[in-house]
Amino acid sequence: MKVIVRLGNGKYYLSKVFGIFKNNFMGSKAKYYYIIFDENMKTLIPKFEYKQNTDYIIPEILIYDNDTSDMKINENHCGQVNFLSDDEMKNILDGKVNDTILEKCMKYVDNNKIDYIEIKNDKDIQNFMLVSGYLHDGYIKKIFKNKNQLFITFDGLWGCKIEMVFEGNIQYQNQREENDLWWCSSSMVFDANEIILTDDEEYQKGDDLQQVQTWFKAEKVKYKVIPN
C-alpha cells in the first residue's frame, strides 16, 4: 500500500504503508491510523487518516495504491508488512524505531512526486475510486479538448483535485446543469477496448449510456492526483 500524506497548502510527500491499525481513541474522526515514514524519511510515525482536533473532516492520508499483497491483513483490515515481526511492529507502536527496523524499511523510501497513473485493469480502477472518493462531492471545474485528448479537472474532492486525460476515440455527454454540478458518486468500467466513466454508481457494462446524465469514454485514461 502507498499513500499521499497531505501537509496542507498543496504540499505532500509519498510513503509506503508499513502497518494499518484500528483507531480506538474516543472522540476521534479517524477509523484507522497508518504507520508511515515521516516527512524527512528518517523514521516511522503513526498517522491518522483524518486531521484531529478540528470541527471539519480533513483527510491527511490519500491512498493511491491499495495493494496489500505484501502485508498480513486480518478480518478488521488491519495488519503489517510481512518483513516486520510482531515484536518489531510493537516497538514501532511504542515509539521505539531502532536501526534494525529502519534498515528494513529504508529501501522503500519514495522521493518521487505524483505523476499520471494510467488505468489499465480493474485494480487500477479500484485505486482511482479509492483516492478520488468515487468523485463524491466533486464537480468538473475545467474541461477542454486538444487534438486527440480530452482533459478534465475535478475539484471539490476530499483533500485533492483530480486531473484526468481521455485519449483515443473520445466520446462524452455532459448534461449536468449549473445548479447540479456536484457528483454524488461514480462508476468506471471496461467495455471492449474502451474505458467508461459515469456519474451513475449503478452503471454496469452494457447499460444504455444515453440514460446516464454525464459520461466519458475513450481507449486510454490516465489521471493525476493534486493534493490541496
# chains A, B, ... in the order shown; residues from 1 in each chain; ligands from 1

call {"tool": "select_by_dssp", "arguments": {"residues": "range 90-227 of chain A", "states": "strand (DSSP E)", "output": "compact mmCIF listing (two decimals) with C-alpha atoms, in the first residue's frame"}}
result
# COMPACT_ATOMS: atom_id res chain seq x y z
CA ILE A 117 -1.31 6.99 -13.42
CA GLU A 118 -2.73 5.07 -16.37
CA TYR A 139 -17.52 18.75 -9.84
CA ILE A 140 -15.99 19.39 -13.24
CA LYS A 141 -14.05 22.62 -12.89
CA LYS A 142 -12.43 22.53 -16.30
CA ILE A 143 -12.88 20.52 -19.48
CA PHE A 144 -11.17 21.05 -22.82
CA LYS A 145 -10.14 19.04 -25.86
CA ASN A 146 -6.74 19.26 -27.50
CA GLN A 149 -7.00 14.22 -25.85
CA LEU A 150 -9.79 15.36 -23.53
CA PHE A 151 -8.65 16.99 -20.27
CA ILE A 152 -10.99 17.11 -17.27
CA THR A 153 -10.25 18.62 -13.86
CA PHE A 154 -12.42 17.54 -10.92
CA ASP A 155 -12.44 19.90 -7.95
CA CYS A 160 -7.38 16.82 -3.58
CA LYS A 161 -8.22 17.63 -7.16
CA ILE A 162 -8.08 15.01 -9.92
CA GLU A 163 -6.87 15.78 -13.43
CA MET A 164 -7.98 13.16 -15.98
CA VAL A 165 -6.87 12.67 -19.58
CA PHE A 166 -9.01 10.67 -22.03
CA GLU A 167 -7.38 9.65 -25.30
CA GLN A 171 -16.98 10.23 -26.77
CA TYR A 172 -18.81 12.00 -23.97
CA GLN A 173 -22.01 13.56 -22.74
CA ASN A 174 -22.03 16.22 -20.04
CA SER A 187 -18.62 4.23 -11.77
CA MET A 188 -15.85 3.17 -14.13
CA VAL A 189 -15.86 0.03 -16.28
CA PHE A 190 -14.02 -1.56 -19.17
CA ASP A 191 -16.19 -2.18 -22.24
CA GLU A 194 -12.64 1.29 -24.08
CA ILE A 195 -12.97 2.70 -20.58
CA ILE A 196 -16.18 4.40 -19.43
CA LEU A 197 -16.56 6.86 -16.53
CA THR A 198 -20.09 7.86 -15.48
CA THR A 214 -22.89 12.50 -17.67
CA TRP A 215 -20.32 10.06 -19.06
CA PHE A 216 -16.92 9.93 -20.74
CA LYS A 217 -15.49 7.14 -22.91
CA ALA A 218 -12.09 6.60 -24.53
CA LYS A 220 -6.99 5.24 -22.78
CA VAL A 221 -7.46 7.05 -19.47
CA LYS A 222 -4.88 8.41 -17.05
CA TYR A 223 -5.15 10.66 -14.03
CA LYS A 224 -3.09 12.74 -11.65
CA VAL A 225 -3.87 13.44 -8.00
CA ILE A 226 -3.30 17.08 -6.99
CA PRO A 227 -3.32 17.35 -3.16

call {"tool": "closest_residue", "arguments": {"among": "A:Glu202, A:Ile63, A:Gly159, A:Val109", "to": "Leu7 in chain A", "atoms": "only C-alpha atoms"}}
result
A:Gly159

call {"tool": "closest_residue", "arguments": {"among": "A:Glu219, A:Glu75, A:Asp70, A:Asp122", "to": "Asn148 in chain A", "atoms": "only C-alpha atoms"}}
result
A:Glu219

call {"tool": "select_by_dssp", "arguments": {"residues": "range 24-153 of chain A", "states": "helix (DSSP H, G or I)", "output": "JSON, numbers by chain"}}
result
{"A": [86, 87, 88, 89, 90, 91, 92, 93, 99, 100, 101, 102, 103, 104, 105, 106, 107, 108, 122, 123, 124, 125, 126, 127, 128, 129, 130, 131, 132, 133, 134, 135]}

call {"tool": "closest_atom_pairs", "arguments": {"of": "range 91-187 of chain A", "to": "range 27-51 of chain A", "cutoff": "9 Å", "atoms": "only C-alpha atoms", "output": "CSV"}}
result
residue,atom,partner,partner_atom,distance
A:Ile92,CA,A:Leu44,CA,7.3
A:Leu93,CA,A:Pro46,CA,7.5
A:Gly95,CA,A:Ile45,CA,7.9
A:Val97,CA,A:Leu44,CA,6.9
A:Asn98,CA,A:Thr43,CA,9.0
A:Leu102,CA,A:Thr43,CA,6.9
A:Cys105,CA,A:Leu44,CA,8.8
A:Met106,CA,A:Met41,CA,8.0
A:Val109,CA,A:Met41,CA,6.7
A:Asp110,CA,A:Met41,CA,8.5
A:Asn111,CA,A:Met41,CA,8.6

call {"tool": "atom_distance", "arguments": {"atom1": "CA of Ser85 in chain A", "atom2": "CA of Ile101 in chain A"}}
result
9.6 Å

call {"tool": "atom_distance", "arguments": {"atom1": "CA of Arg6 in chain A", "atom2": "CA of Ile61 in chain A"}}
result
6.3 Å

call {"tool": "closest_residue", "arguments": {"among": "A:Ile57, A:Ala192, A:Leu181, A:Val81", "to": "Tyr108 in chain A", "atoms": "only C-alpha atoms"}}
result
A:Val81

call {"tool": "residues_around", "arguments": {"residues": "Met1 in chain A", "least_positions_apart": "4", "cutoff": "8 Å", "atoms": "only C-alpha atoms", "output": "JSON, numbers by chain"}}
result
{"A": [16, 17, 63, 64, 65, 66, 67, 68]}

call {"tool": "write_last_selection", "arguments": {"atoms": "N, CA and C atoms", "output": "PDB file, in the first residue's frame"}}
result
ATOM      1  N   LYS A  16       5.305   4.520   1.649  1.00  0.00           N
ATOM      2  CA  LYS A  16       4.757   3.173   1.762  1.00  0.00           C
ATOM      3  C   LYS A  16       4.089   3.060   3.128  1.00  0.00           C
ATOM      4  N   VAL A  17       3.065   2.223   3.214  1.00  0.00           N
ATOM      5  CA  VAL A  17       2.403   1.938   4.491  1.00  0.00           C
ATOM      6  C   VAL A  17       2.993   0.651   5.065  1.00  0.00           C
ATOM      7  N   ILE A  63      -4.989   7.308  -0.070  1.00  0.00           N
ATOM      8  CA  ILE A  63      -4.454   6.031  -0.555  1.00  0.00           C
ATOM      9  C   ILE A  63      -4.525   6.011  -2.073  1.00  0.00           C
ATOM     10  N   TYR A  64      -3.364   5.906  -2.739  1.00  0.00           N
ATOM     11  CA  TYR A  64      -3.379   5.860  -4.198  1.00  0.00           C
ATOM     12  C   TYR A  64      -2.957   4.496  -4.751  1.00  0.00           C
ATOM     13  N   ASP A  65      -2.538   3.600  -3.886  1.00  0.00           N
ATOM     14  CA  ASP A  65      -2.256   2.212  -4.289  1.00  0.00           C
ATOM     15  C   ASP A  65      -2.658   1.319  -3.131  1.00  0.00           C
ATOM     16  N   ASN A  66      -3.751   0.578  -3.319  1.00  0.00           N
ATOM     17  CA  ASN A  66      -4.329  -0.213  -2.227  1.00  0.00           C
ATOM     18  C   ASN A  66      -3.844  -1.659  -2.217  1.00  0.00           C
ATOM     19  N   ASP A  67      -2.734  -1.933  -2.861  1.00  0.00           N
ATOM     20  CA  ASP A  67      -2.205  -3.292  -2.926  1.00  0.00           C
ATOM     21  C   ASP A  67      -1.607  -3.685  -1.572  1.00  0.00           C
ATOM     22  N   THR A  68      -2.242  -4.636  -0.898  1.00  0.00           N
ATOM     23  CA  THR A  68      -1.751  -5.114   0.406  1.00  0.00           C
ATOM     24  C   THR A  68      -1.234  -6.550   0.313  1.00  0.00           C
TER      25      THR A  68
END

call {"tool": "closest_residue", "arguments": {"among": "A:Leu62, A:Ile20, A:Leu14, A:Ile125", "to": "His77 in chain A", "atoms": "only C-alpha atoms"}}
result
A:Ile20

call {"tool": "residues_around", "arguments": {"residues": "Trp183 in chain A", "least_positions_apart": "3", "cutoff": "9 Å", "atoms": "only C-alpha atoms", "output": "PyMOL selection string"}}
result
chain A and resi 134-140+180+186+199-200

call {"tool": "atom_distance", "arguments": {"atom1": "CA of Gly8 in chain A", "atom2": "CA of Ser185 in chain A"}}
result
25.1 Å

call {"tool": "closest_residue", "arguments": {"among": "A:Asn169, A:Asn9, A:Thr100, A:Asn24", "to": "Glu88 in chain A", "atoms": "only C-alpha atoms"}}
result
A:Thr100

call {"tool": "decode", "arguments": {"residues": "range 114-126 of chain A", "atoms": "all heavy atoms", "output": "short mmCIF file (atom, residue, chain, number, x, y, z; two decimals), in the first residue's frame"}}
result
data_model
loop_
_atom_site.label_atom_id
_atom_site.label_comp_id
_atom_site.auth_asym_id
_atom_site.auth_seq_id
_atom_site.Cartn_x
_atom_site.Cartn_y
_atom_site.Cartn_z
N ILE A 114 4.11 13.02 -7.54
CA ILE A 114 2.99 12.34 -8.17
C ILE A 114 3.02 12.58 -9.68
O ILE A 114 3.16 13.71 -10.13
CB ILE A 114 1.65 12.84 -7.60
CG1 ILE A 114 1.60 12.59 -6.09
CG2 ILE A 114 0.48 12.15 -8.28
CD1 ILE A 114 0.45 13.28 -5.40
N ASP A 115 2.89 11.51 -10.43
CA ASP A 115 2.82 11.60 -11.88
C ASP A 115 1.47 11.04 -12.32
O ASP A 115 0.68 10.57 -11.51
CB ASP A 115 3.97 10.82 -12.51
CG ASP A 115 4.25 11.27 -13.94
OD1 ASP A 115 3.47 12.10 -14.47
OD2 ASP A 115 5.23 10.79 -14.53
N TYR A 116 1.22 11.07 -13.62
CA TYR A 116 -0.01 10.49 -14.14
C TYR A 116 0.00 8.97 -13.93
O TYR A 116 1.04 8.32 -14.09
CB TYR A 116 -0.16 10.79 -15.63
CG TYR A 116 -0.63 12.19 -15.92
CD1 TYR A 116 0.27 13.16 -16.34
CD2 TYR A 116 -1.97 12.55 -15.76
CE1 TYR A 116 -0.15 14.45 -16.61
CE2 TYR A 116 -2.40 13.83 -16.03
CZ TYR A 116 -1.49 14.78 -16.46
OH TYR A 116 -1.91 16.06 -16.72
N ILE A 117 -1.13 8.43 -13.59
CA ILE A 117 -1.31 6.99 -13.42
C ILE A 117 -2.28 6.51 -14.48
O ILE A 117 -3.42 6.98 -14.56
CB ILE A 117 -1.86 6.67 -12.02
CG1 ILE A 117 -0.92 7.19 -10.94
CG2 ILE A 117 -2.09 5.16 -11.86
CD1 ILE A 117 -1.47 7.10 -9.53
N GLU A 118 -1.86 5.58 -15.32
CA GLU A 118 -2.73 5.07 -16.37
C GLU A 118 -3.61 3.95 -15.83
O GLU A 118 -3.16 3.11 -15.04
CB GLU A 118 -1.92 4.56 -17.56
CG GLU A 118 -2.79 4.15 -18.75
CD GLU A 118 -2.00 3.81 -19.99
OE1 GLU A 118 -0.76 3.99 -20.00
OE2 GLU A 118 -2.63 3.35 -20.97
N ILE A 119 -4.86 3.94 -16.26
CA ILE A 119 -5.80 2.91 -15.83
C ILE A 119 -5.77 1.78 -16.86
O ILE A 119 -6.21 1.95 -17.99
CB ILE A 119 -7.22 3.49 -15.68
CG1 ILE A 119 -7.23 4.52 -14.56
CG2 ILE A 119 -8.23 2.39 -15.41
CD1 ILE A 119 -8.52 5.27 -14.40
N LYS A 120 -5.22 0.64 -16.44
CA LYS A 120 -5.03 -0.48 -17.36
C LYS A 120 -5.85 -1.72 -16.99
O LYS A 120 -6.03 -2.60 -17.82
CB LYS A 120 -3.55 -0.86 -17.41
CG LYS A 120 -2.64 0.24 -17.93
CD LYS A 120 -1.19 -0.22 -17.93
CE LYS A 120 -0.27 0.84 -18.48
NZ LYS A 120 1.16 0.40 -18.47
N ASN A 121 -6.31 -1.80 -15.74
CA ASN A 121 -7.01 -3.00 -15.30
C ASN A 121 -7.96 -2.65 -14.16
O ASN A 121 -8.05 -1.49 -13.73
CB ASN A 121 -6.00 -4.08 -14.86
CG ASN A 121 -4.98 -3.55 -13.88
OD1 ASN A 121 -5.33 -2.87 -12.91
ND2 ASN A 121 -3.71 -3.84 -14.12
N ASP A 122 -8.66 -3.66 -13.66
CA ASP A 122 -9.66 -3.43 -12.61
C ASP A 122 -9.01 -2.93 -11.32
O ASP A 122 -9.62 -2.13 -10.58
CB ASP A 122 -10.44 -4.72 -12.33
CG ASP A 122 -11.39 -5.07 -13.47
OD1 ASP A 122 -11.81 -4.15 -14.20
OD2 ASP A 122 -11.72 -6.26 -13.63
N LYS A 123 -7.80 -3.38 -11.03
CA LYS A 123 -7.09 -2.90 -9.83
C LYS A 123 -6.84 -1.40 -9.94
O LYS A 123 -7.00 -0.66 -8.95
CB LYS A 123 -5.77 -3.65 -9.66
CG LYS A 123 -4.91 -3.16 -8.52
CD LYS A 123 -3.62 -3.95 -8.44
CE LYS A 123 -2.67 -3.39 -7.38
NZ LYS A 123 -2.13 -2.05 -7.76
N ASP A 124 -6.48 -0.94 -11.12
CA ASP A 124 -6.27 0.49 -11.32
C ASP A 124 -7.56 1.28 -11.12
O ASP A 124 -7.54 2.39 -10.57
CB ASP A 124 -5.73 0.76 -12.72
CG ASP A 124 -4.34 0.17 -12.93
OD1 ASP A 124 -3.59 0.04 -11.95
OD2 ASP A 124 -4.00 -0.14 -14.09
N ILE A 125 -8.67 0.70 -11.56
CA ILE A 125 -9.97 1.36 -11.34
C ILE A 125 -10.25 1.48 -9.85
O ILE A 125 -10.68 2.52 -9.36
CB ILE A 125 -11.10 0.60 -12.05
CG1 ILE A 125 -11.01 0.78 -13.56
CG2 ILE A 125 -12.47 1.06 -11.54
CD1 ILE A 125 -12.07 0.04 -14.34
N GLN A 126 -10.02 0.40 -9.11
CA GLN A 126 -10.27 0.41 -7.67
C GLN A 126 -9.41 1.47 -6.97
O GLN A 126 -9.88 2.19 -6.08
CB GLN A 126 -10.00 -0.97 -7.09
CG GLN A 126 -10.99 -2.03 -7.55
CD GLN A 126 -10.56 -3.44 -7.17
OE1 GLN A 126 -9.57 -3.64 -6.48
NE2 GLN A 126 -11.31 -4.43 -7.63
#
